[in-house]
Amino acid sequence: MILMMIISLLLILLSDTYIWYVFLHHAPVAWSIVHWIPTSVLVAAMIAFRANVSQWSMSTIAVILLCIALPKVLFTIVSLTGRAAAMIQPSASGWFDTAGAVVAATVCLACLYGVVSGWKRLIVNRVEIVSDDLPLSFDGYRIVQLTDLHLGTFGDNTRYMRRLVERIERMSPDLIVFTGDLVNLSADELEPFGEVLSRLRARDGVVSVLGNHDYCLYKHYDDEHGAARDTECVKQFEREAGWRLLLNEHVDIVRGADTIAVIGVENVGRPPFPSQGDLRRAMNGVTDHRFKVLLSHDPTHWRDEVVPSTDIQLTLSGHTHGMQLKIGGFSPSSWIYPEWGGLYAEGGQQLFVSTGAGGNLPFRLGAWPEIVEITLRSGRR
């Protein structure tokens, strides 16, 4: 993380220096001051972030990087390309500067949209899951999946969450599942949202699991037990909201003579993410003939353990956010996660990864926040 911040800052400083020297160094001093202000604020936010991780510093860094620093770097790359081309065609430099300005302005405006509106552009993603193992009595069973709310990003503004809950109320699902990351940094973020999230209702209730952020390990505490206390507060909040929090356990859903199992594990993740899940314990008592739905926050768990070691038919995950950026069918999240968003299948086992309804930064572009409505269909029809 520190190395990435240093590399990013060096790249930004080189870009700023190039733009200042080529275009502003003979301009009035006021222009130079305006030019260097964003980078100065960025450096201050990075220092604050290292001293004490906070939502303010995270959001400030993200907004400046996306809306100002990235467009400057792109302009610099195009402009330098033009100066190289000018050694062959002298007029190329001016054309490339213009093209660089257009690219920078386009990226800046797109990112501004992502910061101002994109991260609250809530959509409903409807998916059908077909399985021969699903009993006919569950054909048409509807599950609403929520994941990665990251309440700290919204501060004390509950308007978006109220809109989200109202959308789900109108959908009248059979079951609501929450697949982790209720908070960003600490349990302090929960207080404004207790009333609105307790309104989530479904015929078979609300079932939840913990995500990596719910262990509250990303905040600096004065004592070694601070994170554990906050994690207990997160658990208690979910229970008081009427959610059934699954900590390496399962619940049965019954329709007539048929039963399906909803299995929930604590976070199972690769380093640096915490791994406290115990799938074997969670499946204790689940008989082989039942259709099984696993709630596991991190999708890497599916390929690491679920596929090679179990016959679980459907796994629901979140965690990736699609890096909150998607252009067409591409997201940079695919560089890290083989399964980062959407539906995946391996034999008779399926994984759905939701890119989340919130985000740990106030930005989304393309990978819009989503409520997922999953309709189960029996292949026996």
# chains A, B, ... in the order shown; residues from 1 in each chain; ligands from 1
call {"tool": "residues_around", "arguments": {"residues": "range 132-147 of chain A", "least_positions_apart": "3", "cutoff": "9 Å", "atoms": "only C-alpha atoms", "output": "number ranges by chain"}}
result
A: 150, 168, 171-182, 211, 254-260, 289-292, 297, 313, 316-319, 348, 354-358, 370-381
call {"tool": "residues_around", "arguments": {"residues": "Arg159 in chain A", "least_positions_apart": "4", "cutoff": "12 Å", "atoms": "only C-alpha atoms", "output": "NGL selection string"}}
result
:A and (120 or 151 or 154-155 or 163-166 or 192-193 or 196-197)
call {"tool": "select_by_dssp", "arguments": {"residues": "range 119-312 of chain A", "states": "strand (DSSP E or B)", "output": "ChimeraX atom specification"}}
result
/A:123-131,142-146,175-178,206-208,243-245,249-255,258-264,291-295
call {"tool": "closest_residue", "arguments": {"among": "A:Leu70, A:Asn157, A:Glu224, A:Leu351", "to": "Val130 in chain A", "atoms": "only C-alpha atoms"}}
result
A:Leu351
call {"tool": "select_by_dssp", "arguments": {"residues": "range 110-269 of chain A", "states": "alpha helix (DSSP H)", "output": "PyMOL selection string"}}
result
chain A and resi 110-116+159-171+194-197+226-240
call {"tool": "write_last_selection", "arguments": {"atoms": "C-alpha atoms", "output": "mmCIF file, in the first residue's frame"}}
result
data_model
loop_
_atom_site.group_PDB
_atom_site.id
_atom_site.type_symbol
_atom_site.label_atom_id
_atom_site.label_comp_id
_atom_site.auth_asym_id
_atom_site.auth_seq_id
_atom_site.Cartn_x
_atom_site.Cartn_y
_atom_site.Cartn_z
ATOM 1 C CA ALA A 110 -16.512 11.007 -16.395
ATOM 2 C CA CYS A 111 -14.837 10.710 -12.987
ATOM 3 C CA LEU A 112 -16.714 13.767 -11.712
ATOM 4 C CA TYR A 113 -19.953 12.027 -12.656
ATOM 5 C CA GLY A 114 -18.792 8.929 -10.793
ATOM 6 C CA VAL A 115 -18.030 11.039 -7.707
ATOM 7 C CA VAL A 116 -21.175 13.186 -7.766
ATOM 8 C CA ARG A 159 -31.315 9.071 2.085
ATOM 9 C CA TYR A 160 -29.639 6.516 -0.198
ATOM 10 C CA MET A 161 -30.210 3.636 2.236
ATOM 11 C CA ARG A 162 -33.875 4.565 2.578
ATOM 12 C CA ARG A 163 -34.231 4.476 -1.197
ATOM 13 C CA LEU A 164 -32.503 1.091 -1.301
ATOM 14 C CA VAL A 165 -34.782 -0.382 1.388
ATOM 15 C CA GLU A 166 -37.895 0.982 -0.337
ATOM 16 C CA ARG A 167 -36.847 -0.699 -3.613
ATOM 17 C CA ILE A 168 -36.462 -4.024 -1.842
ATOM 18 C CA GLU A 169 -39.797 -3.607 -0.042
ATOM 19 C CA ARG A 170 -41.533 -3.270 -3.425
ATOM 20 C CA MET A 171 -39.822 -6.462 -4.653
ATOM 21 C CA GLY A 194 -30.264 1.279 12.616
ATOM 22 C CA GLU A 195 -33.864 2.313 11.977
ATOM 23 C CA VAL A 196 -33.759 2.147 8.182
ATOM 24 C CA LEU A 197 -31.939 -1.204 7.882
ATOM 25 C CA GLY A 226 -10.483 -2.240 20.078
ATOM 26 C CA ALA A 227 -11.124 -4.110 16.830
ATOM 27 C CA ALA A 228 -12.692 -7.075 18.644
ATOM 28 C CA ARG A 229 -15.056 -4.749 20.547
ATOM 29 C CA ASP A 230 -16.121 -3.038 17.343
ATOM 30 C CA THR A 231 -16.684 -6.387 15.623
ATOM 31 C CA GLU A 232 -19.003 -7.426 18.447
ATOM 32 C CA CYS A 233 -20.894 -4.147 17.948
ATOM 33 C CA VAL A 234 -21.311 -4.954 14.241
ATOM 34 C CA LYS A 235 -22.661 -8.401 15.116
ATOM 35 C CA GLN A 236 -25.049 -6.969 17.693
ATOM 36 C CA PHE A 237 -26.272 -4.311 15.249
ATOM 37 C CA GLU A 238 -27.226 -6.968 12.692
ATOM 38 C CA ARG A 239 -29.021 -9.061 15.295
ATOM 39 C CA GLU A 240 -30.935 -6.047 16.637
#
call {"tool": "closest_atom_pairs", "arguments": {"of": "range 191-223 of chain A", "to": "range 41-62 of chain A", "cutoff": "9 Å", "atoms": "only C-alpha atoms", "output": "CSV"}}
result
residue,atom,partner,partner_atom,distance
A:Tyr218,CA,A:Val53,CA,7.2
A:Lys219,CA,A:Val53,CA,5.9
A:His220,CA,A:Asn52,CA,6.4
call {"tool": "write_last_selection", "arguments": {"atoms": "N, CA and C atoms", "output": "compact mmCIF listing (two decimals), in the first residue's frame"}}
result
# COMPACT_ATOMS: atom_id res chain seq x y z
N TYR A 218 -8.96 -2.07 10.07
CA TYR A 218 -8.29 -1.03 9.30
C TYR A 218 -8.22 0.30 10.03
N LYS A 219 -8.64 0.32 11.28
CA LYS A 219 -8.60 1.53 12.10
C LYS A 219 -7.54 1.37 13.18
N HIS A 220 -6.91 2.50 13.56
CA HIS A 220 -5.94 2.48 14.64
C HIS A 220 -6.67 2.62 15.98
call {"tool": "atom_distance", "arguments": {"atom1": "CA of Leu245 in chain A", "atom2": "CA of Val209 in chain A"}}
result
5.7 Å
call {"tool": "residues_around", "arguments": {"residues": "Trp368 in chain A", "least_positions_apart": "2", "cutoff": "7 Å", "atoms": "only C-alpha atoms", "output": "ChimeraX atom specification"}}
result
/A:118-119,121-123,364-366,370
call {"tool": "write_last_selection", "arguments": {"atoms": "C-alpha atoms", "output": "CSV table (one decimal), in the first residue's frame"}}
result
chain,number,residue,atom,x,y,z
A,118,GLY,CA,-22.5,7.4,-10.1
A,119,TRP,CA,-22.0,5.9,-6.6
A,121,ARG,CA,-27.1,5.3,-9.3
A,122,LEU,CA,-28.8,2.3,-7.8
A,123,ILE,CA,-29.9,-0.5,-10.2
A,364,ARG,CA,-18.6,4.4,-9.1
A,365,LEU,CA,-18.5,4.5,-12.9
A,366,GLY,CA,-20.0,1.7,-15.0
A,370,GLU,CA,-26.8,-2.9,-7.4
call {"tool": "atom_distance", "arguments": {"atom1": "CA of Leu217 in chain A", "atom2": "CA of Gln324 in chain A"}}
result
21.8 Å
call {"tool": "closest_residue", "arguments": {"among": "A:Leu314, A:Ala30, A:Val306, A:Ala367", "to": "Pro332 in chain A", "atoms": "only C-alpha atoms"}}
result
A:Ala367
